[in-house]
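Coordinates as given in input.cif (mmCIF, C-alpha atoms):
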```cif
data_final
loop_
_atom_site.group_PDB
_atom_site.id
_atom_site.type_symbol
_atom_site.label_atom_id
_atom_site.label_comp_id
_atom_site.auth_asym_id
_atom_site.auth_seq_id
_atom_site.Cartn_x
_atom_site.Cartn_y
_atom_site.Cartn_z
ATOM 1 C CA MET W 26 -45.874 -58.084 12.465
ATOM 2 C CA LYS W 27 -42.347 -58.289 13.805
ATOM 3 C CA ARG W 28 -41.344 -56.266 16.825
ATOM 4 C CA ILE W 29 -39.406 -53.088 16.065
ATOM 5 C CA PRO W 30 -36.102 -52.600 17.937
ATOM 6 C CA LEU W 31 -35.883 -49.488 20.127
ATOM 7 C CA SER W 32 -32.879 -48.178 18.178
ATOM 8 C CA SER W 33 -34.789 -48.435 14.874
ATOM 9 C CA GLY W 34 -37.796 -46.658 16.354
ATOM 10 C CA ILE W 35 -35.603 -43.817 17.630
ATOM 11 C CA LEU W 36 -33.914 -43.399 14.227
ATOM 12 C CA LEU W 37 -37.239 -43.355 12.346
ATOM 13 C CA PHE W 38 -38.825 -40.939 14.798
ATOM 14 C CA THR W 39 -35.783 -38.646 14.550
ATOM 15 C CA ALA W 40 -36.148 -38.656 10.756
ATOM 16 C CA ALA W 41 -39.838 -37.718 11.118
ATOM 17 C CA VAL W 42 -38.917 -34.849 13.473
ATOM 18 C CA ILE W 43 -36.268 -33.555 11.044
ATOM 19 C CA TRP W 44 -38.716 -33.663 8.129
ATOM 20 C CA GLY W 45 -41.477 -32.021 10.180
ATOM 21 C CA PHE W 46 -39.262 -29.045 11.053
ATOM 22 C CA ALA W 47 -38.004 -28.920 7.446
ATOM 23 C CA PHE W 48 -41.298 -27.267 6.441
ATOM 24 C CA VAL W 49 -40.372 -24.330 8.679
ATOM 25 C CA ALA W 50 -36.853 -24.181 7.212
ATOM 26 C CA GLN W 51 -38.283 -24.193 3.681
ATOM 27 C CA ARG W 52 -40.656 -21.360 4.549
ATOM 28 C CA GLU W 53 -37.912 -19.327 6.230
ATOM 29 C CA GLY W 54 -35.451 -19.959 3.401
ATOM 30 C CA MET W 55 -37.647 -18.059 0.981
ATOM 31 C CA GLU W 56 -37.105 -14.912 3.044
ATOM 32 C CA TYR W 57 -33.657 -14.810 1.448
ATOM 33 C CA LEU W 58 -33.953 -16.718 -1.832
ATOM 34 C CA GLY W 59 -36.538 -17.389 -4.513
ATOM 35 C CA PRO W 60 -38.099 -20.891 -4.572
ATOM 36 C CA PHE W 61 -36.013 -22.098 -7.533
ATOM 37 C CA SER W 62 -32.723 -20.822 -6.114
ATOM 38 C CA PHE W 63 -33.483 -22.248 -2.665
ATOM 39 C CA ASN W 64 -34.416 -25.686 -3.984
ATOM 40 C CA GLY W 65 -31.409 -25.748 -6.295
ATOM 41 C CA ALA W 66 -28.987 -24.961 -3.483
ATOM 42 C CA ARG W 67 -30.499 -27.399 -0.978
ATOM 43 C CA TYR W 68 -30.642 -30.300 -3.427
ATOM 44 C CA LEU W 69 -27.053 -29.751 -4.559
ATOM 45 C CA LEU W 70 -26.037 -29.659 -0.897
ATOM 46 C CA GLY W 71 -28.039 -32.829 -0.206
ATOM 47 C CA SER W 72 -26.332 -34.599 -3.106
ATOM 48 C CA ALA W 73 -22.908 -33.557 -1.781
ATOM 49 C CA VAL W 74 -23.803 -34.894 1.690
ATOM 50 C CA LEU W 75 -24.886 -38.285 0.309
ATOM 51 C CA LEU W 76 -21.874 -38.649 -2.016
ATOM 52 C CA PRO W 77 -19.451 -39.965 0.691
ATOM 53 C CA LEU W 78 -22.069 -42.535 1.741
ATOM 54 C CA VAL W 79 -22.425 -43.643 -1.893
ATOM 55 C CA LEU W 80 -18.659 -44.079 -2.252
ATOM 56 C CA VAL W 81 -18.403 -46.074 1.001
ATOM 57 C CA ARG W 82 -21.272 -48.372 -0.018
ATOM 58 C CA LYS W 83 -19.811 -48.907 -3.506
ATOM 59 C CA LYS W 84 -16.417 -49.790 -2.029
ATOM 60 C CA ALA W 85 -18.027 -52.269 0.368
ATOM 61 C CA ALA W 86 -20.089 -53.769 -2.474
ATOM 62 C CA ARG W 87 -16.965 -54.265 -4.619
ATOM 63 C CA LYS W 88 -15.226 -56.097 -1.779
ATOM 64 C CA ARG W 89 -18.150 -58.484 -1.485
ATOM 65 C CA GLY W 90 -18.449 -58.846 -5.242
ATOM 66 C CA LEU W 91 -21.923 -57.359 -5.315
ATOM 67 C CA THR W 92 -23.208 -54.965 -7.975
ATOM 68 C CA ARG W 93 -26.573 -53.233 -8.172
ATOM 69 C CA GLY W 94 -27.674 -52.415 -11.701
ATOM 70 C CA THR W 95 -25.954 -50.981 -14.728
ATOM 71 C CA ARG W 96 -24.748 -47.409 -15.107
ATOM 72 C CA LYS W 97 -27.507 -46.863 -17.681
ATOM 73 C CA ASP W 98 -30.249 -47.935 -15.236
ATOM 74 C CA THR W 99 -28.765 -45.766 -12.481
ATOM 75 C CA TRP W 100 -28.606 -42.623 -14.616
ATOM 76 C CA LEU W 101 -32.027 -43.235 -16.178
ATOM 77 C CA GLY W 102 -33.541 -43.748 -12.731
ATOM 78 C CA GLY W 103 -31.783 -40.663 -11.373
ATOM 79 C CA LEU W 104 -33.017 -38.583 -14.311
ATOM 80 C CA CYS W 105 -36.648 -39.715 -13.962
ATOM 81 C CA CYS W 106 -36.687 -39.349 -10.168
ATOM 82 C CA GLY W 107 -34.878 -36.021 -10.354
ATOM 83 C CA LEU W 108 -37.374 -34.546 -12.811
ATOM 84 C CA VAL W 109 -40.368 -35.614 -10.719
ATOM 85 C CA ILE W 110 -38.967 -34.543 -7.340
ATOM 86 C CA CYS W 111 -37.887 -31.240 -8.894
ATOM 87 C CA SER W 112 -41.477 -30.580 -10.024
ATOM 88 C CA ALA W 113 -43.009 -31.757 -6.720
ATOM 89 C CA SER W 114 -40.693 -29.637 -4.575
ATOM 90 C CA MET W 115 -41.372 -26.539 -6.644
ATOM 91 C CA PHE W 116 -45.134 -26.844 -6.116
ATOM 92 C CA GLN W 117 -44.425 -27.394 -2.415
ATOM 93 C CA GLN W 118 -42.205 -24.310 -2.136
ATOM 94 C CA LEU W 119 -44.719 -22.140 -3.993
ATOM 95 C CA GLY W 120 -47.557 -23.530 -1.877
ATOM 96 C CA LEU W 121 -45.701 -22.669 1.335
ATOM 97 C CA LEU W 122 -45.776 -19.015 0.285
ATOM 98 C CA HIS W 123 -49.587 -18.996 0.509
ATOM 99 C CA THR W 124 -50.500 -21.345 3.381
ATOM 100 C CA THR W 125 -49.355 -22.403 6.850
ATOM 101 C CA VAL W 126 -46.612 -24.901 7.603
ATOM 102 C CA GLY W 127 -49.031 -27.185 9.477
ATOM 103 C CA LYS W 128 -51.495 -27.451 6.596
ATOM 104 C CA ALA W 129 -48.618 -28.047 4.188
ATOM 105 C CA GLY W 130 -47.420 -31.009 6.248
ATOM 106 C CA PHE W 131 -50.815 -32.721 6.308
ATOM 107 C CA ILE W 132 -51.631 -32.090 2.650
ATOM 108 C CA THR W 133 -48.238 -33.419 1.557
ATOM 109 C CA THR W 134 -48.753 -36.579 3.647
ATOM 110 C CA LEU W 135 -51.697 -37.490 1.400
ATOM 111 C CA TYR W 136 -49.187 -39.251 -0.876
ATOM 112 C CA ILE W 137 -49.533 -42.272 1.442
ATOM 113 C CA ILE W 138 -53.147 -42.648 0.276
ATOM 114 C CA LEU W 139 -52.621 -41.473 -3.310
ATOM 115 C CA VAL W 140 -49.897 -44.035 -4.102
ATOM 116 C CA PRO W 141 -52.154 -47.123 -3.883
ATOM 117 C CA LEU W 142 -54.930 -45.274 -5.708
ATOM 118 C CA LEU W 143 -52.556 -44.476 -8.571
ATOM 119 C CA GLY W 144 -51.788 -48.197 -8.666
ATOM 120 C CA ILE W 145 -55.154 -48.618 -10.416
ATOM 121 C CA PHE W 146 -53.500 -47.357 -13.605
ATOM 122 C CA LEU W 147 -50.943 -50.163 -13.246
ATOM 123 C CA LYS W 148 -53.790 -52.668 -12.854
ATOM 124 C CA ARG W 149 -53.051 -53.261 -9.177
ATOM 125 C CA LYS W 150 -55.859 -54.250 -6.854
ATOM 126 C CA VAL W 151 -56.762 -51.552 -4.318
ATOM 127 C CA PRO W 152 -57.763 -52.951 -0.892
ATOM 128 C CA ARG W 153 -61.044 -51.781 0.602
ATOM 129 C CA ILE W 154 -59.242 -50.103 3.481
ATOM 130 C CA ILE W 155 -57.607 -47.734 0.969
ATOM 131 C CA TRP W 156 -60.999 -46.596 -0.311
ATOM 132 C CA VAL W 157 -62.144 -45.986 3.274
ATOM 133 C CA GLY W 158 -58.965 -43.998 3.906
ATOM 134 C CA ALA W 159 -59.508 -42.006 0.705
ATOM 135 C CA MET W 160 -63.046 -41.063 1.750
ATOM 136 C CA LEU W 161 -61.855 -40.078 5.230
ATOM 137 C CA SER W 162 -59.049 -37.971 3.805
ATOM 138 C CA ALA W 163 -61.520 -36.257 1.447
ATOM 139 C CA VAL W 164 -63.608 -35.220 4.475
ATOM 140 C CA GLY W 165 -60.476 -34.059 6.280
ATOM 141 C CA MET W 166 -59.272 -32.070 3.265
ATOM 142 C CA TYR W 167 -62.693 -30.412 2.984
ATOM 143 C CA LEU W 168 -62.429 -29.180 6.580
ATOM 144 C CA LEU W 169 -58.773 -28.254 6.161
ATOM 145 C CA CYS W 170 -58.839 -26.458 2.820
ATOM 146 C CA ILE W 171 -62.356 -25.422 1.724
ATOM 147 C CA ASN W 172 -63.362 -22.024 3.082
ATOM 148 C CA GLU W 173 -66.759 -20.420 3.605
ATOM 149 C CA GLN W 174 -66.931 -19.456 -0.092
ATOM 150 C CA PHE W 175 -66.489 -23.135 -1.034
ATOM 151 C CA THR W 176 -63.177 -22.389 -2.725
ATOM 152 C CA ILE W 177 -59.699 -23.748 -2.116
ATOM 153 C CA SER W 178 -56.800 -21.375 -1.496
ATOM 154 C CA LYS W 179 -53.982 -21.047 -4.019
ATOM 155 C CA GLY W 180 -51.425 -22.484 -1.599
ATOM 156 C CA ASP W 181 -53.539 -25.535 -0.724
ATOM 157 C CA GLY W 182 -54.171 -26.231 -4.407
ATOM 158 C CA LEU W 183 -50.449 -26.112 -5.171
ATOM 159 C CA LEU W 184 -49.758 -28.499 -2.288
ATOM 160 C CA LEU W 185 -52.379 -30.958 -3.548
ATOM 161 C CA ILE W 186 -50.520 -31.043 -6.873
ATOM 162 C CA CYS W 187 -47.306 -31.502 -4.868
ATOM 163 C CA ALA W 188 -48.789 -34.525 -3.036
ATOM 164 C CA LEU W 189 -49.832 -36.042 -6.362
ATOM 165 C CA LEU W 190 -46.336 -35.544 -7.805
ATOM 166 C CA PHE W 191 -44.713 -37.044 -4.702
ATOM 167 C CA SER W 192 -46.975 -40.065 -5.219
ATOM 168 C CA VAL W 193 -45.671 -40.386 -8.782
ATOM 169 C CA HIS W 194 -42.139 -40.013 -7.409
ATOM 170 C CA ILE W 195 -42.665 -42.937 -5.035
ATOM 171 C CA MET W 196 -43.944 -45.101 -7.877
ATOM 172 C CA VAL W 197 -40.939 -44.193 -10.031
ATOM 173 C CA ILE W 198 -38.617 -45.097 -7.155
ATOM 174 C CA ASP W 199 -40.560 -48.341 -6.699
ATOM 175 C CA TYR W 200 -39.758 -49.188 -10.319
ATOM 176 C CA PHE W 201 -36.042 -48.351 -10.249
ATOM 177 C CA SER W 202 -35.003 -49.191 -6.657
ATOM 178 C CA PRO W 203 -34.890 -53.002 -7.176
ATOM 179 C CA LYS W 204 -32.554 -52.430 -10.131
ATOM 180 C CA VAL W 205 -30.026 -49.987 -8.632
ATOM 181 C CA ASP W 206 -28.515 -48.916 -5.307
ATOM 182 C CA GLY W 207 -31.038 -46.804 -3.394
ATOM 183 C CA VAL W 208 -28.576 -44.340 -1.878
ATOM 184 C CA GLU W 209 -26.855 -43.786 -5.226
ATOM 185 C CA LEU W 210 -30.247 -43.244 -6.844
ATOM 186 C CA SER W 211 -31.165 -40.653 -4.209
ATOM 187 C CA CYS W 212 -27.827 -38.856 -4.546
ATOM 188 C CA LEU W 213 -28.211 -38.685 -8.313
ATOM 189 C CA GLN W 214 -31.822 -37.484 -8.189
ATOM 190 C CA PHE W 215 -30.809 -34.664 -5.830
ATOM 191 C CA LEU W 216 -27.982 -33.708 -8.194
ATOM 192 C CA ILE W 217 -30.257 -33.572 -11.247
ATOM 193 C CA ALA W 218 -33.063 -31.744 -9.419
ATOM 194 C CA GLY W 219 -30.537 -29.321 -7.947
ATOM 195 C CA VAL W 220 -28.963 -28.482 -11.299
ATOM 196 C CA ILE W 221 -32.364 -27.901 -12.941
ATOM 197 C CA CYS W 222 -33.681 -25.696 -10.122
ATOM 198 C CA PHE W 223 -30.416 -23.786 -9.789
ATOM 199 C CA VAL W 224 -30.218 -22.974 -13.494
ATOM 200 C CA ILE W 225 -33.834 -21.769 -13.554
ATOM 201 C CA GLY W 226 -33.230 -19.778 -10.371
ATOM 202 C CA VAL W 227 -30.177 -18.024 -11.805
ATOM 203 C CA LEU W 228 -32.044 -17.140 -15.004
ATOM 204 C CA ARG W 229 -35.300 -16.000 -13.367
ATOM 205 C CA GLU W 230 -34.454 -14.878 -9.830
ATOM 206 C CA HIS W 231 -30.868 -13.604 -10.249
ATOM 207 C CA PRO W 232 -29.679 -14.580 -6.746
ATOM 208 C CA GLN W 233 -26.489 -13.033 -5.329
ATOM 209 C CA PRO W 234 -23.827 -14.894 -3.290
ATOM 210 C CA ALA W 235 -24.843 -12.790 -0.279
ATOM 211 C CA ASP W 236 -28.383 -14.208 -0.525
ATOM 212 C CA PHE W 237 -27.107 -17.774 -0.118
ATOM 213 C CA LEU W 238 -24.961 -16.741 2.851
ATOM 214 C CA ALA W 239 -27.923 -14.976 4.463
ATOM 215 C CA GLY W 240 -30.063 -18.122 4.108
ATOM 216 C CA ILE W 241 -27.325 -20.570 5.077
ATOM 217 C CA ILE W 242 -29.161 -21.885 8.171
ATOM 218 C CA PRO W 243 -32.376 -23.041 6.419
ATOM 219 C CA LEU W 244 -30.262 -24.231 3.471
ATOM 220 C CA ALA W 245 -27.999 -26.268 5.759
ATOM 221 C CA TYR W 246 -30.980 -27.726 7.587
ATOM 222 C CA THR W 247 -32.847 -28.836 4.470
ATOM 223 C CA GLY W 248 -29.712 -29.870 2.574
ATOM 224 C CA ILE W 249 -27.687 -31.610 5.280
ATOM 225 C CA LEU W 250 -30.214 -32.737 7.883
ATOM 226 C CA SER W 251 -33.380 -33.251 5.810
ATOM 227 C CA SER W 252 -31.692 -34.827 2.784
ATOM 228 C CA GLY W 253 -28.516 -36.451 4.098
ATOM 229 C CA VAL W 254 -28.978 -37.288 7.787
ATOM 230 C CA ALA W 255 -32.715 -38.077 7.825
ATOM 231 C CA TYR W 256 -32.502 -40.195 4.672
ATOM 232 C CA THR W 257 -29.648 -42.221 6.196
ATOM 233 C CA PHE W 258 -31.617 -42.632 9.441
ATOM 234 C CA GLN W 259 -34.552 -43.932 7.405
ATOM 235 C CA ILE W 260 -32.386 -46.491 5.585
ATOM 236 C CA VAL W 261 -30.817 -47.791 8.812
ATOM 237 C CA GLY W 262 -34.052 -47.636 10.802
ATOM 238 C CA GLN W 263 -36.114 -49.547 8.236
ATOM 239 C CA ARG W 264 -33.544 -52.343 8.047
ATOM 240 C CA ASP W 265 -34.975 -54.143 11.108
ATOM 241 C CA ALA W 266 -38.468 -52.637 11.193
ATOM 242 C CA ASP W 267 -41.780 -53.795 9.800
ATOM 243 C CA PRO W 268 -42.626 -51.531 6.812
ATOM 244 C CA ALA W 269 -46.094 -50.745 8.175
ATOM 245 C CA VAL W 270 -44.694 -49.694 11.559
ATOM 246 C CA ALA W 271 -41.941 -47.670 9.886
ATOM 247 C CA ALA W 272 -44.490 -45.838 7.722
ATOM 248 C CA LEU W 273 -46.620 -45.066 10.786
ATOM 249 C CA ILE W 274 -43.665 -43.510 12.598
ATOM 250 C CA LEU W 275 -42.506 -41.532 9.558
ATOM 251 C CA SER W 276 -46.007 -40.157 8.950
ATOM 252 C CA LEU W 277 -45.694 -38.308 12.277
ATOM 253 C CA GLU W 278 -43.859 -35.614 10.305
ATOM 254 C CA SER W 279 -47.284 -34.112 9.523
ATOM 255 C CA VAL W 280 -48.085 -33.708 13.227
ATOM 256 C CA ILE W 281 -44.623 -32.335 13.946
ATOM 257 C CA SER W 282 -44.992 -29.772 11.152
ATOM 258 C CA VAL W 283 -48.016 -28.283 12.971
ATOM 259 C CA LEU W 284 -46.073 -28.097 16.243
ATOM 260 C CA ALA W 285 -43.062 -26.591 14.449
ATOM 261 C CA GLY W 286 -45.173 -23.934 12.745
ATOM 262 C CA TRP W 287 -46.751 -23.036 16.087
ATOM 263 C CA MET W 288 -43.519 -22.983 18.134
ATOM 264 C CA ILE W 289 -41.254 -21.176 15.649
ATOM 265 C CA LEU W 290 -43.510 -19.142 13.361
ATOM 266 C CA GLY W 291 -46.452 -18.598 15.700
ATOM 267 C CA GLN W 292 -48.854 -20.023 13.099
ATOM 268 C CA ARG W 293 -52.158 -21.281 14.489
ATOM 269 C CA LEU W 294 -54.884 -23.422 12.966
ATOM 270 C CA SER W 295 -58.600 -22.905 13.556
ATOM 271 C CA GLY W 296 -60.721 -25.566 15.223
ATOM 272 C CA ARG W 297 -62.104 -26.565 11.832
ATOM 273 C CA GLU W 298 -58.611 -26.906 10.366
ATOM 274 C CA LEU W 299 -57.382 -28.921 13.370
ATOM 275 C CA ALA W 300 -60.364 -31.273 12.937
ATOM 276 C CA GLY W 301 -59.399 -31.684 9.285
ATOM 277 C CA CYS W 302 -55.798 -32.456 10.291
ATOM 278 C CA ALA W 303 -56.994 -35.074 12.770
ATOM 279 C CA ILE W 304 -59.197 -36.802 10.175
ATOM 280 C CA VAL W 305 -56.433 -36.791 7.545
ATOM 281 C CA PHE W 306 -53.963 -38.233 10.058
ATOM 282 C CA ALA W 307 -56.501 -40.907 11.059
ATOM 283 C CA ALA W 308 -56.907 -41.842 7.379
ATOM 284 C CA VAL W 309 -53.126 -42.043 6.924
ATOM 285 C CA ILE W 310 -52.800 -44.338 9.956
ATOM 286 C CA LEU W 311 -55.775 -46.452 8.882
ATOM 287 C CA VAL W 312 -54.346 -47.333 5.466
ATOM 288 C CA GLN W 313 -51.057 -48.419 7.063
ATOM 289 C CA LEU W 314 -52.545 -50.803 9.624
ATOM 290 C CA PRO W 315 -51.823 -54.475 8.835
ATOM 291 C CA VAL W 316 -54.811 -56.345 7.401
ATOM 292 C CA LYS W 317 -55.276 -59.988 8.296
ATOM 293 C CA GLN W 318 -55.240 -62.060 5.124
ATOM 294 C CA PRO W 319 -57.971 -64.722 4.748
ATOM 295 C CA LEU W 320 -56.835 -68.334 4.738
ATOM 296 C CA ARG W 321 -56.951 -70.077 1.388
#
```

Could I get this file's structure written as structure tokens?
Amino acid sequence: MKRIPLSSGILLFTAAVIWGFAFVAQREGMEYLGPFSFNGARYLLGSAVLLPLVLVRKKAARKRGLTRGTRKDTWLGGLCCGLVICSASMFQQLGLLHTTVGKAGFITTLYIILVPLLGIFLKRKVPRIIWVGAMLSAVGMYLLCINEQFTISKGDGLLLICALLFSVHIMVIDYFSPKVDGVELSCLQFLIAGVICFVIGVLREHPQPADFLAGIIPLAYTGILSSGVAYTFQIVGQRDADPAVAALILSLESVISVLAGWMILGQRLSGRELAGCAIVFAAVILVQLPVKQPLR
């Protein structure tokens, strides 16, 4: 494993902090807007923030004579990614209405374990450590979500679906990212997801211009910082970092979401729920640790 530069570590940790606090901004944003309207506005804002970066990268690529994929691949990838992230974010927003920010952060982070498990359907071999992590996370989720009546709350169930959809989103990105420019793909997926959510929001929730102005702070945070700034920090930070180390740092967003919910919203977790969070986080770290390959 190569050593990670201090500057890369700082950028990745900053991205994790931004994403951890984004759960609070998403929860607060729904005080002013419905979930569809809020997601539509923040994704359109995120697309607008990434657009200058896309143009700069395309100009630099033309000077060097480099091209990444055809227009057809870019738009097809943006459409597929946009549809999936639109669905995942809606389940996340709806789930946040019925559960705490801290629990939402840890449940969403399960995509790190779900992605390799979904690889079974693509006939990929799943390492043993993934199965151990899956069993650990199942124990953690039991403590975190199952109550005394042995039922799962509505919010936690919606967030589990969200984690599954985010796993599908990662696999879709994994398919298209080698073919097209990653930043352009992200900008386009935000645009498509934003248009879909905004149209549904206008038809179902009937938001007024004053509602968007009232929720401008959480919208600006999730649109500018969470989508534009943090994504750019991730791209730059991962350039010189080992992927396993980068994933470990970024997964700290789940821990930060608990701290953010406590500091800003006054939300507290019970001892049982904190134990579940700790086990889930241990499982997430475990599956990202480098495994020594046997010599042939």

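Nearest residue to Gly219 in chain W among W:Ile110, W:Leu147, W:Leu122, W:Ile241 is W:Ile110, counting only C-alpha atoms.
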
Hey, can you pull every residue with an atom no more than 9 Å from (-33.7, -40.8, -4.2), using all atoms listed in the file, and send it as a list of chain:residue names?
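With a cut-off of 9 Å, the residues come to W:Gly103, W:Cys106, W:Gly107, W:Ile110, W:Ile198, W:Ser202, W:Gly207, W:Val208, W:Glu209, W:Leu210, W:Ser211, W:Cys212, W:Leu213, W:Gln214, W:Phe215, W:Tyr256.
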
Separation of CA of Met196 in chain W from CA of Thr95 in chain W in Å
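Between CA of Thr95 in chain W and CA of Met196 in chain W the gap works out to 20.1 Å.
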
For Leu143 in chain W, list every protein, DNA or RNA residue within 10 Å, evaluated using all atoms listed in the file, and leave out those in the same chain fewer than 5 positions away; present the list as a ChimeraX atom specification.
/W:136,138,148-149,151,189,192-193,196

To verify the selection step, state as a PyMOL selection string which residues the PyMOL selection byres ((chain W and resi 187) around 8) yields on this input.
chain W and resi 112-117+133+183-186+188-191

Which is closest to Thr92 in chain W among W:Leu69, W:Val254, W:Val197, W:Val205, if we use only C-alpha atoms?
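Among the listed residues, the smallest separation from Thr92 in chain W belongs to W:Val205.
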
Show me a table, sorted first by chain and then by increasing residue number, of the residues of range 42-119 of chain W having an atom at most 12 Å from range 233-239 of chain W, each with its shortest atom pair and the distance in Å to one decimal, counting all atoms listed in the file and written as a Markdown table.
```
| residue | atom | partner | partner_atom | distance |
| --- | --- | --- | --- | --- |
| W:Glu53 | CA | W:Ala239 | CA | 11.0 |
| W:Gly54 | CA | W:Ala239 | CA | 9.1 |
| W:Met55 | CA | W:Asp236 | CA | 10.1 |
| W:Glu56 | CA | W:Ala239 | CA | 9.3 |
| W:Tyr57 | CA | W:Asp236 | CA | 5.7 |
| W:Leu58 | CA | W:Asp236 | CA | 6.2 |
| W:Gly59 | CA | W:Asp236 | CA | 9.6 |
| W:Ser62 | CA | W:Phe237 | CA | 8.8 |
| W:Phe63 | CA | W:Phe237 | CA | 8.2 |
| W:Asn64 | CA | W:Phe237 | CA | 11.4 |
| W:Gly65 | CA | W:Phe237 | CA | 11.0 |
| W:Ala66 | CA | W:Phe237 | CA | 8.2 |
| W:Arg67 | CA | W:Phe237 | CA | 10.2 |
| W:Leu70 | CA | W:Phe237 | CA | 12.0 |
```

Closest of W:Phe223, W:Tyr246, W:Phe306, W:Phe201 to Thr99 in chain W - atom-to-atom distances counting only C-alpha atoms:
W:Phe201

Applying the PyMOL selection byres ((chain W and resi 303) around 12) to the file I just gave you, which residues come out? Please list them as an NGL selection string.
:W and (127-128 or 131-132 or 161-162 or 164-166 or 168-169 or 277 or 279-280 or 283 or 294 or 296-302 or 304-310)

Reference answer for the PyMOL selection byres ((chain W and resi 34) around 9), as an NGL selection string
:W and (29-33 or 35-39 or 262-263 or 266 or 270-271 or 274)

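Counting all atoms listed in the file, the residue from W:Leu311, W:Ile195, W:Cys222, W:Ile260 that sits nearest to Arg153 in chain W is W:Leu311.
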
Nearest residue to Glu230 in chain W from the set W:Phe48, W:Pro60, W:Arg293, W:Val79 (distances using all atoms listed in the file):
W:Pro60

Where's the centre, and what are the edge lengths in Å to one decimal, of a box along x, y and z enclosing all listed atoms of range 49-52 of chain W padded 5 Å per side, as AutoDock Vina command-line options?
```
--center_x -38.8 --center_y -22.8 --center_z 6.2 --size_x 13.8 --size_y 13.0 --size_z 15.0
```

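Note that the spacing between CA of Tyr200 in chain W and CA of Leu121 in chain W amounts to 29.6 Å.
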
So which residues touch Gly180 in chain W within 6 Å, counting only C-alpha atoms, skipping near sequence neighbours fewer than 4 positions away, as a list in words?
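So the residues in contact are Gly120, His123 and Thr124 of chain W.
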
Just-selected residues, C-alpha atoms written as a short mmCIF file (atom, residue, chain, number, x, y, z; two decimals), in the coordinates of the input:
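Okay, this is what ended up in out39.cif:
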```cif
data_model
loop_
_atom_site.label_atom_id
_atom_site.label_comp_id
_atom_site.auth_asym_id
_atom_site.auth_seq_id
_atom_site.Cartn_x
_atom_site.Cartn_y
_atom_site.Cartn_z
CA GLY W 120 -47.56 -23.53 -1.88
CA HIS W 123 -49.59 -19.00 0.51
CA THR W 124 -50.50 -21.34 3.38
#
```

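Coordinates place CA of Pro77 in chain W at a distance of 13.4 Å from CA of Ser252 in chain W.
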
Closest of W:Tyr68, W:Gln118, W:Pro152, W:Met160 to Leu135 in chain W, counting all atoms listed in the file, is W:Met160
